Amino acid sequence: MSCNAPIGVFDSGIGGLTVVREIMRQIPGEPIIYFGDTARVPYGSKSQKTIITYSRQIIKFLQTKNVKAIVIACNTASALALEVVAKEVSIPVIGVVKPGAKVASEATKNGNIGVIGTEGTINSGIYNTYIKELNPDVRVYGKACPLFVPLVEEGWLTDPLTVEVAKRYISSLLGLNIDTLVLGCTHYPLIRNIIGSIVGNDVTLVNPAYETAIELKQVLLQAGIENNGAACEHKFYVSDGADKFKRFANTILPCDVVETEDVNIESFADALTTYL
Ligand code: DGL
């Protein structure tokens, strides 16, 4: 595996760009191949079987681009598919949940942690499990916020309707004396200001993207596959709506997204074992 190969990053849509943004900040020399599954978003309401199938297809696509490592920039797929698919390929695969759990367990002072995420992530209980592995004395309160992803995909990042929806979801966490809130879906940092204004300044918001980029850096170092100074070109692919995606990506990334290509992701078989 060439150390100048790109890193594959994927999500159900635009949310994973919040992770890409952190990777670009912290490891600026690493080329990225991003895939957003915009035709099949949201992932949060789908079954584990479906999320594993989608993840396998996307990983198969990313492997055609010779990626040297994969970041599952989606909490739902990290919760429901990472463990299965990571065993099926020979390159490192990391997710966003473990890094987020680590930051949350370190950030809390009073031991009350809230986690907001998709139904898939919250119902899996994965944040609860990982946070308690690190600190068994804390209490973890999960709240699924299924309408956030469509609102963000629609670009309603400051819309009064998004504020209303956020109030409805988050109000149930407000009486629990949480001092830390994990943004347990990669779409949510895009409405961080709304969420922050509802929970107030005393609650620390945890965006797992930052710690994920640090973990990626360590994984590349340990495997001896950091980019050694070769040209760094990023490429973006989606399963639908390439132009809309490109416009949005250009509003949040620190680089110019010149082109985004549509990919027929269902043409990639969902078997990864051939790559073993
Ligand atoms: N952004 C993803 C996550 O972190 C997926 C959200 C969705 O598609 O429902 O969970």
# chains A, B, ... in the order shown; residues from 1 in each chain; ligands from 1

call {"tool": "residues_near_ligand", "arguments": {"ligand": "ligand 1", "cutoff": "9 Å", "atoms": "only C-alpha atoms and all ligand atoms", "output": "JSON, numbers by chain"}}
result
{"A": [11, 12, 13, 14, 15, 16, 37, 38, 40, 41, 42, 43, 44, 45, 46, 72, 73, 74, 75, 76, 77, 78, 79, 96, 97, 117, 118, 119, 120, 121, 146, 147, 148, 149, 150, 183, 184, 185, 186, 187, 188]}

call {"tool": "select_by_dssp", "arguments": {"residues": "stretch 86-141 of chain A", "states": "alpha helix (DSSP H)", "output": "JSON, numbers by chain"}}
result
{"A": [86, 97, 98, 99, 100, 101, 102, 103, 104, 105, 106, 107, 119, 120, 121, 122, 123, 124, 126, 127, 128, 129, 130, 131, 132, 133, 134]}

call {"tool": "write_last_selection", "arguments": {"atoms": "C-alpha atoms", "output": "PDB file, in the first residue's frame"}}
result
ATOM      1  CA  ALA A  86     -13.341  -3.677   9.600  1.00  0.00           C
ATOM      2  CA  VAL A  97     -18.013   6.782  18.048  1.00  0.00           C
ATOM      3  CA  LYS A  98     -14.972   5.626  20.067  1.00  0.00           C
ATOM      4  CA  PRO A  99     -13.196   8.979  19.663  1.00  0.00           C
ATOM      5  CA  GLY A 100     -16.406  10.814  20.675  1.00  0.00           C
ATOM      6  CA  ALA A 101     -16.866   8.588  23.726  1.00  0.00           C
ATOM      7  CA  LYS A 102     -13.274   9.255  24.801  1.00  0.00           C
ATOM      8  CA  VAL A 103     -13.691  13.036  24.656  1.00  0.00           C
ATOM      9  CA  ALA A 104     -17.038  12.906  26.485  1.00  0.00           C
ATOM     10  CA  SER A 105     -15.708  10.725  29.297  1.00  0.00           C
ATOM     11  CA  GLU A 106     -12.844  13.174  29.777  1.00  0.00           C
ATOM     12  CA  ALA A 107     -14.973  16.312  29.482  1.00  0.00           C
ATOM     13  CA  GLU A 119     -32.345   6.319  16.064  1.00  0.00           C
ATOM     14  CA  GLY A 120     -29.833   3.695  14.909  1.00  0.00           C
ATOM     15  CA  THR A 121     -27.007   5.147  16.980  1.00  0.00           C
ATOM     16  CA  ILE A 122     -29.049   5.814  20.115  1.00  0.00           C
ATOM     17  CA  ASN A 123     -30.900   2.485  20.036  1.00  0.00           C
ATOM     18  CA  SER A 124     -27.596   0.616  19.628  1.00  0.00           C
ATOM     19  CA  ILE A 126     -22.953   2.146  21.723  1.00  0.00           C
ATOM     20  CA  TYR A 127     -22.051   5.503  23.292  1.00  0.00           C
ATOM     21  CA  ASN A 128     -23.279   4.249  26.633  1.00  0.00           C
ATOM     22  CA  THR A 129     -21.114   1.126  26.290  1.00  0.00           C
ATOM     23  CA  TYR A 130     -17.922   2.906  25.206  1.00  0.00           C
ATOM     24  CA  ILE A 131     -18.240   5.795  27.652  1.00  0.00           C
ATOM     25  CA  LYS A 132     -18.837   3.411  30.569  1.00  0.00           C
ATOM     26  CA  GLU A 133     -15.875   1.269  29.536  1.00  0.00           C
ATOM     27  CA  LEU A 134     -13.756   4.383  30.037  1.00  0.00           C
TER      28      LEU A 134
END

call {"tool": "closest_residue", "arguments": {"among": "A:Lys68, A:Leu80, A:Leu181, A:Asp256", "to": "A:Ser47", "atoms": "only C-alpha atoms"}}
result
A:Leu80

call {"tool": "closest_residue", "arguments": {"among": "A:Gln48, A:Ala209, A:Phe248, A:Ile225", "to": "A:Arg25", "atoms": "only C-alpha atoms"}}
result
A:Ala209

call {"tool": "select_by_dssp", "arguments": {"residues": "stretch 20-52 of chain A", "states": "strand (DSSP E)", "output": "ChimeraX atom specification"}}
result
/A:32-36

call {"tool": "write_last_selection", "arguments": {"atoms": "N, CA and C atoms", "output": "PDB file, in the first residue's frame"}}
result
ATOM      1  N   ILE A  32      -7.877  13.016   0.178  1.00  0.00           N
ATOM      2  CA  ILE A  32      -9.121  12.378   0.641  1.00  0.00           C
ATOM      3  C   ILE A  32     -10.021  12.037  -0.546  1.00  0.00           C
ATOM      4  N   ILE A  33     -10.586  10.843  -0.468  1.00  0.00           N
ATOM      5  CA  ILE A  33     -11.670  10.465  -1.394  1.00  0.00           C
ATOM      6  C   ILE A  33     -12.925  10.406  -0.534  1.00  0.00           C
ATOM      7  N   TYR A  34     -13.880  11.279  -0.787  1.00  0.00           N
ATOM      8  CA  TYR A  34     -15.095  11.318   0.032  1.00  0.00           C
ATOM      9  C   TYR A  34     -16.261  10.729  -0.756  1.00  0.00           C
ATOM     10  N   PHE A  35     -17.053   9.910  -0.066  1.00  0.00           N
ATOM     11  CA  PHE A  35     -18.303   9.445  -0.673  1.00  0.00           C
ATOM     12  C   PHE A  35     -19.476   9.784   0.234  1.00  0.00           C
ATOM     13  N   GLY A  36     -20.464  10.493  -0.300  1.00  0.00           N
ATOM     14  CA  GLY A  36     -21.695  10.810   0.432  1.00  0.00           C
ATOM     15  C   GLY A  36     -22.848  10.056  -0.217  1.00  0.00           C
TER      16      GLY A  36
END

call {"tool": "closest_residue", "arguments": {"among": "A:Val93, A:Val182, A:Ile23, A:Leu17", "to": "A:Thr108", "atoms": "only C-alpha atoms"}}
result
A:Val182

call {"tool": "atom_distance", "arguments": {"atom1": "atom CA of A:Ile91", "atom2": "atom CA of A:Gly224"}}
result
12.3 Å

call {"tool": "closest_residue", "arguments": {"among": "A:Val203, A:Ile58, A:Ala223, A:Val163", "to": "A:Asn110", "atoms": "only C-alpha atoms"}}
result
A:Val203

call {"tool": "closest_residue", "arguments": {"among": "A:Ser171, A:Gln222, A:Thr212, A:Ser55", "to": "A:Lys143", "atoms": "only C-alpha atoms"}}
result
A:Ser171

call {"tool": "closest_residue", "arguments": {"among": "A:Gly241, A:Met1, A:Met24, A:Leu176", "to": "A:Ser90", "atoms": "only C-alpha atoms"}}
result
A:Met1

call {"tool": "atom_distance", "arguments": {"atom1": "atom CA of A:Glu266", "atom2": "atom CA of A:Gln57"}}
result
6.9 Å
